[in-house]
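K.L.:
What follows is a structure written as structure tokens; I'll ask about it next.
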Number of protein chains: 2
Amino acid sequence: MGNKDEISMEQVILATAEKLFLEKGFDGTSTTQIAKEAGCNQALVHYYFRTKENLFNSIFETKFRTFFQNIFDTTQLTNLSFLEKIKHISRTHFDLLLANPQMPKLVINELSRRKENINILRDRLHVLPEQLFSLMDNELQEEISAGRVKNITFIDIMISIVSLNVALFFLKPVVSDVLLLTDEQANQMLQHRKEENVNIILSYLKP
Amino acid sequence: MGNKDEISMEQVILATAEKLFLEKGFDGTSTTQIAKEAGCNQALVHYYFRTKENLFNSIFETKFRTFFQNIFDTTQLTNLSFLEKIKHISRTHFDLLLANPQMPKLVINELSRRKENINILRDRLHVLPEQLFSLMDNELQEEISAGRVKNITFIDIMISIVSLNVALFFLKPVVSDVLLLTDEQANQMLQHRKEENVNIILSYLKP
DNA sequence: AATTGTTTTAATAGACTTATTAAACACATT
DNA sequence: AATGTGTTTAATAAGTCTATTAAAACAATT
């Protein structure tokens, strides 16, 4: 213990809890199950995190924050044309979901399980998009005026990008497990859709 | 009792259970809560349905069946051009989701909660799409040959239609509650998106 | 060896769950 | 009035849950 190469039981509990919360949801996961799968006594879970709710928050609060921060990140958009920016936003959003495929489901379930999450998300989703929307809306008006893009709002563009990407990760369990695709086939389908979604958005923008 | 105008307690229990299962999920809903909100003794729930699982199945098995049957319904497509068929499919799918806004979330959660649902859905989703895909694929090849539609698979078209529509209903709680839209504003946004999604698909098909 | 702090476990409390059973109640029929 | 059936409730069983507490085990320090 204290050996840097050796993960502490506290970290094991966190990793195990994250896995089970993502798999079964908050209500479907008990601290007893977490302890059992982590390989420790149930009281240890409560020793480190006191309550089940604290444990959940320890895991997902920062995950939520970084996830939404990354959706609206503008730092990678400098020196790109408007359409290049749109491509980048779509691909980056897709990659973000690929790295966190169960996040959409978690967000949706958390919104209905804990209404107070709405206030937390509202605070977070109010400030973050403003910068991106401000930047993109100005350029969008220029593109519309120049006749390179049809008359459209940036909100509609973002809803379309997010819809096409997010739905794939909701549909992936349906596609993989119901239609009997192998992991490789499912991943090929996802990669194909990553670029197809970009194409759909680009054709949508054409005047 | 036996009065046709008076809903039986059995029906009250079903309606209450459906509401709570949609709100809180299977694990988040207890038979005690259902009874309390239905206004009867908890044993009555078990009298009529024996187990909680039976109750859940009684409600959602037919709902699932009719929902998926309606997605792949081909009976309304006769006497329509290919592009008119595409428009109809997109709008009908949207209306189906509007009538059952919590169905996508339920399907996703049920797939991870009960793996055996996958087999049930697989049986169901194997036969139903075949008719639609067979019909549409033939016409699609004709449209592509005639130069009216770009070279694309019907699978990609369906994934795009479903993605654009389904994601809206996942995102609706985020949009309504996080971005403080009134119900009217949220519904206006949905109606706008219903036609916008059709436009996106049509521009996507253009050669 | 003794002490201290951290980690971990066993035992337990209280609440809640699903489900069953016996009994009471209401209504219809004979 | 007696009987049968369906509806409903009170009581209960068994299990699981979250969380707490006391105690044991372990490691580091003095």
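In the structure tokens, each chain is lettered A, B, ... as it comes, each chain's residues begin at 1, and ligands are numbered from 1 in order of appearance.
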Residues at most 12 Å from Glu142 of chain B, counting only C-alpha atoms (C1' of nucleotides), excluding those fewer than 6 positions away in the same chain, as a list of chain:residue names?
P.N.:
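Here the answer would be B:Ser81, B:Phe82, B:Leu83, B:Leu135, B:Met136, B:Arg148, B:Val149, B:Lys150, B:Asn151, B:Ile152.
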K.L.:
Produce a file of the selected residues containing N, CA and C atoms, as a CSV table (one decimal), in the first residue's frame.
P.N.:
```
chain,number,residue,atom,x,y,z
B,81,SER,N,-44.6,8.2,-55.1
B,81,SER,CA,-43.3,8.1,-55.7
B,81,SER,C,-42.3,7.8,-54.6
B,82,PHE,N,-41.1,7.5,-55.1
B,82,PHE,CA,-40.0,7.1,-54.1
B,82,PHE,C,-39.8,8.2,-53.1
B,83,LEU,N,-39.6,9.4,-53.6
B,83,LEU,CA,-39.3,10.5,-52.6
B,83,LEU,C,-40.5,10.8,-51.8
B,135,LEU,N,-39.2,-3.6,-50.8
B,135,LEU,CA,-40.0,-2.7,-51.6
B,135,LEU,C,-39.1,-1.5,-52.0
B,136,MET,N,-38.5,-0.9,-51.0
B,136,MET,CA,-37.8,0.4,-51.2
B,136,MET,C,-36.5,0.2,-51.9
B,148,ARG,N,-31.9,10.4,-60.3
B,148,ARG,CA,-32.7,11.3,-59.5
B,148,ARG,C,-32.2,11.2,-58.0
B,149,VAL,N,-31.5,10.1,-57.7
B,149,VAL,CA,-31.0,10.0,-56.3
B,149,VAL,C,-29.5,9.5,-56.4
B,150,LYS,N,-28.7,10.0,-55.5
B,150,LYS,CA,-27.3,9.6,-55.5
B,150,LYS,C,-27.2,8.1,-55.1
B,151,ASN,N,-26.0,7.6,-55.4
B,151,ASN,CA,-25.7,6.2,-55.1
B,151,ASN,C,-25.6,6.0,-53.6
B,152,ILE,N,-26.6,5.3,-53.0
B,152,ILE,CA,-26.7,5.3,-51.5
B,152,ILE,C,-27.5,4.0,-51.2
```
K.L.:
I need the contact residues of chain B against chain C, so if you could list those with any atom within 9 Å, counting only C-alpha atoms (C1' of nucleotides), and return them as a ChimeraX atom specification, that would help.
P.N.:
/B:1,30-32,43,46,50-52
K.L.:
Give me the residues near Glu10 of chain A as a list in words, where near means some atom within 10 Å (using only C-alpha atoms (C1' of nucleotides)) and where sequence neighbours in that chain fewer than 2 positions away do not count.
P.N.:
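So the residues in contact are Ile7, Ser8, Val12, Ile13, Leu14, Ala15, Thr16, Ala38, Cys40, Leu44, Val45, Tyr47, Tyr48 and Phe49 of chain A.
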K.L.:
Please identify all residues of chain D having at least one atom at most 9 Å from any atom of chain B, considering only C-alpha atoms (C1' of nucleotides), and return them as a ChimeraX atom specification.
P.N.:
/D:7-9
K.L.:
Which residues of chain A have any atom within 8 Å of an atom in chain B when counting only C-alpha atoms, and what is the closest pair of atoms for each, with the distance in Å to one decimal? Order the rows by chain and rising number and write it as a Markdown table.
P.N.:
```
| residue | atom | partner | partner_atom | distance |
| --- | --- | --- | --- | --- |
| A:Glu23 | CA | B:Ser112 | CA | 6.9 |
| A:Lys24 | CA | B:Arg113 | CA | 6.4 |
| A:Asp27 | CA | B:Gly28 | CA | 5.5 |
| A:Gly28 | CA | B:Asp27 | CA | 5.5 |
| A:Lys105 | CA | B:Lys105 | CA | 7.9 |
| A:Ile108 | CA | B:Phe170 | CA | 6.8 |
| A:Leu111 | CA | B:Pro173 | CA | 7.5 |
| A:Ser112 | CA | B:Glu23 | CA | 6.9 |
| A:Arg113 | CA | B:Lys24 | CA | 6.5 |
| A:Ile118 | CA | B:Val178 | CA | 5.6 |
| A:Asn119 | CA | B:Val178 | CA | 7.0 |
| A:Leu121 | CA | B:Val178 | CA | 6.4 |
| A:Arg122 | CA | B:Val178 | CA | 4.7 |
| A:Leu125 | CA | B:Val178 | CA | 7.5 |
| A:His126 | CA | B:Leu179 | CA | 7.5 |
| A:Ser160 | CA | B:Leu164 | CA | 6.7 |
| A:Val162 | CA | B:Ala167 | CA | 7.9 |
| A:Ser163 | CA | B:Ala167 | CA | 4.8 |
| A:Leu164 | CA | B:Ser163 | CA | 5.2 |
| A:Asn165 | CA | B:Ser163 | CA | 7.8 |
| A:Val166 | CA | B:Ala167 | CA | 6.6 |
| A:Ala167 | CA | B:Ser163 | CA | 4.8 |
| A:Leu168 | CA | B:Ser163 | CA | 6.6 |
| A:Phe170 | CA | B:Ile108 | CA | 6.8 |
| A:Leu171 | CA | B:Ile108 | CA | 8.0 |
| A:Pro173 | CA | B:Leu111 | CA | 7.5 |
| A:Val174 | CA | B:Leu111 | CA | 7.7 |
| A:Asp177 | CA | B:Ile118 | CA | 6.5 |
| A:Val178 | CA | B:Arg122 | CA | 4.7 |
| A:Leu179 | CA | B:Arg122 | CA | 6.5 |
| A:Asn199 | CA | B:Tyr204 | CA | 7.7 |
| A:Ile200 | CA | B:Tyr204 | CA | 5.3 |
| A:Ile201 | CA | B:Ile200 | CA | 7.8 |
| A:Ser203 | CA | B:Tyr204 | CA | 5.7 |
| A:Tyr204 | CA | B:Ile200 | CA | 5.4 |
```
K.L.:
As a VMD selection string, list the residues of segment 38-189 of chain A assigned to alpha helix (DSSP H) by DSSP on the backbone atoms of this structure.
P.N.:
chain A and resid 38 42 to 49 52 to 71 82 to 99 103 to 113 116 to 145 154 to 173 183 to 189
K.L.:
Counting only C-alpha atoms, which residue out of B:Glu139, B:Glu130, B:Glu110, B:Asp95 sits closest to Leu190 of chain B?
P.N.:
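Comparing B:Glu139, B:Glu130, B:Glu110, B:Asp95 against Leu190 of chain B, the winner is B:Asp95.
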